[in-house]
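Working notes, beginning with the structure itself.
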Amino acid sequence: MREIPYWKTKGLTEMSLPEWEALCDGCGLCCLNKLEDWDTGEVAFTSVACTLLDGESCRCRDYPNRQKIVPDCIQLTPDQVDTIVWLPPTCGYRLVHEGRDLYWWHPLVSGDPETVHEAGISARGRTVSEDDVDVDDFEDYLVDWPMTVGDGAE
């Protein structure tokens, strides 16, 4: 008998911390700087990555201490998933919250953390560190790919 994956049977608030953390697909898109239009509230992604994002693995270089090092780092919680408008359409947290299944390339489905990169979903090879860009120049790095699902992703 085949066991039903936990993300299909549990709500986000019912998950253990390890289950919650495993929902992260390792795309690195959350770690891209975003610009918000104060008048409209519209949020736009940039290709400027957080100082802690490892551009190759697309993981945080110091996850346990990230909020001490980067005070405006957002700690995603189950209660916030429906309020954070910039979560990409491919985000495991967003998909589960919306009652949808994870994509084939998600490490929980594929069993391989590389498939998120192979599917072209991740930030790998597409970013510049915020350490190398003046904050006044972030507008020059606007991108729309974090909010799309690529051809090979579905």
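As shown in the structure tokens, the chain order sets the letters A, B, ...; within each chain, residues go from 1, and ligands are also counted from 1 in the order they appear.
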
_List as a ChimeraX atom specification the protein and nucleic acid residues near region 21-29 of chain A, meaning an atom at most 6 Å away when only C-alpha atoms are counted, but skip any in the same chain fewer than 2 places from it._
/A:18-19,31-32,58,92,106,122-123

*Would you please extract all strand (DSSP E) residues from chain A, as assigned by DSSP on the backbone, and give them as a PyMOL selection string?*
chain A and resi 32-36+43-49+128-129+142-143

Written selection (C-alpha atoms) as a compact mmCIF listing (two decimals), in the first residue's frame:
```
# COMPACT_ATOMS: atom_id res chain seq x y z
CA LEU A 32 15.41 38.18 -4.16
CA ASN A 33 14.93 41.83 -3.30
CA LYS A 34 11.55 43.23 -4.19
CA LEU A 35 10.36 46.76 -4.79
CA GLU A 36 6.91 47.90 -3.72
CA VAL A 43 5.41 44.30 -5.78
CA ALA A 44 8.10 43.77 -8.41
CA PHE A 45 10.97 41.32 -8.21
CA THR A 46 14.57 42.22 -8.91
CA SER A 47 17.43 39.89 -9.73
CA VAL A 48 19.31 41.37 -6.78
CA ALA A 49 19.77 38.62 -4.21
CA VAL A 128 23.65 39.57 -8.56
CA SER A 129 24.38 40.04 -4.86
CA LEU A 142 13.59 44.38 -12.40
CA VAL A 143 12.61 40.90 -13.64
```

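CA of Pro78 (chain A) sits 8.9 Å away from CA of Gly11 (chain A).
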
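Closest approach to Leu53 (chain A) among A:Phe138, A:Val109, A:Asp39, A:Gly125: A:Gly125, based on only C-alpha atoms.
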
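Separating CA of Arg124 (chain A) from CA of Gly55 (chain A) is a distance of 5.5 Å.
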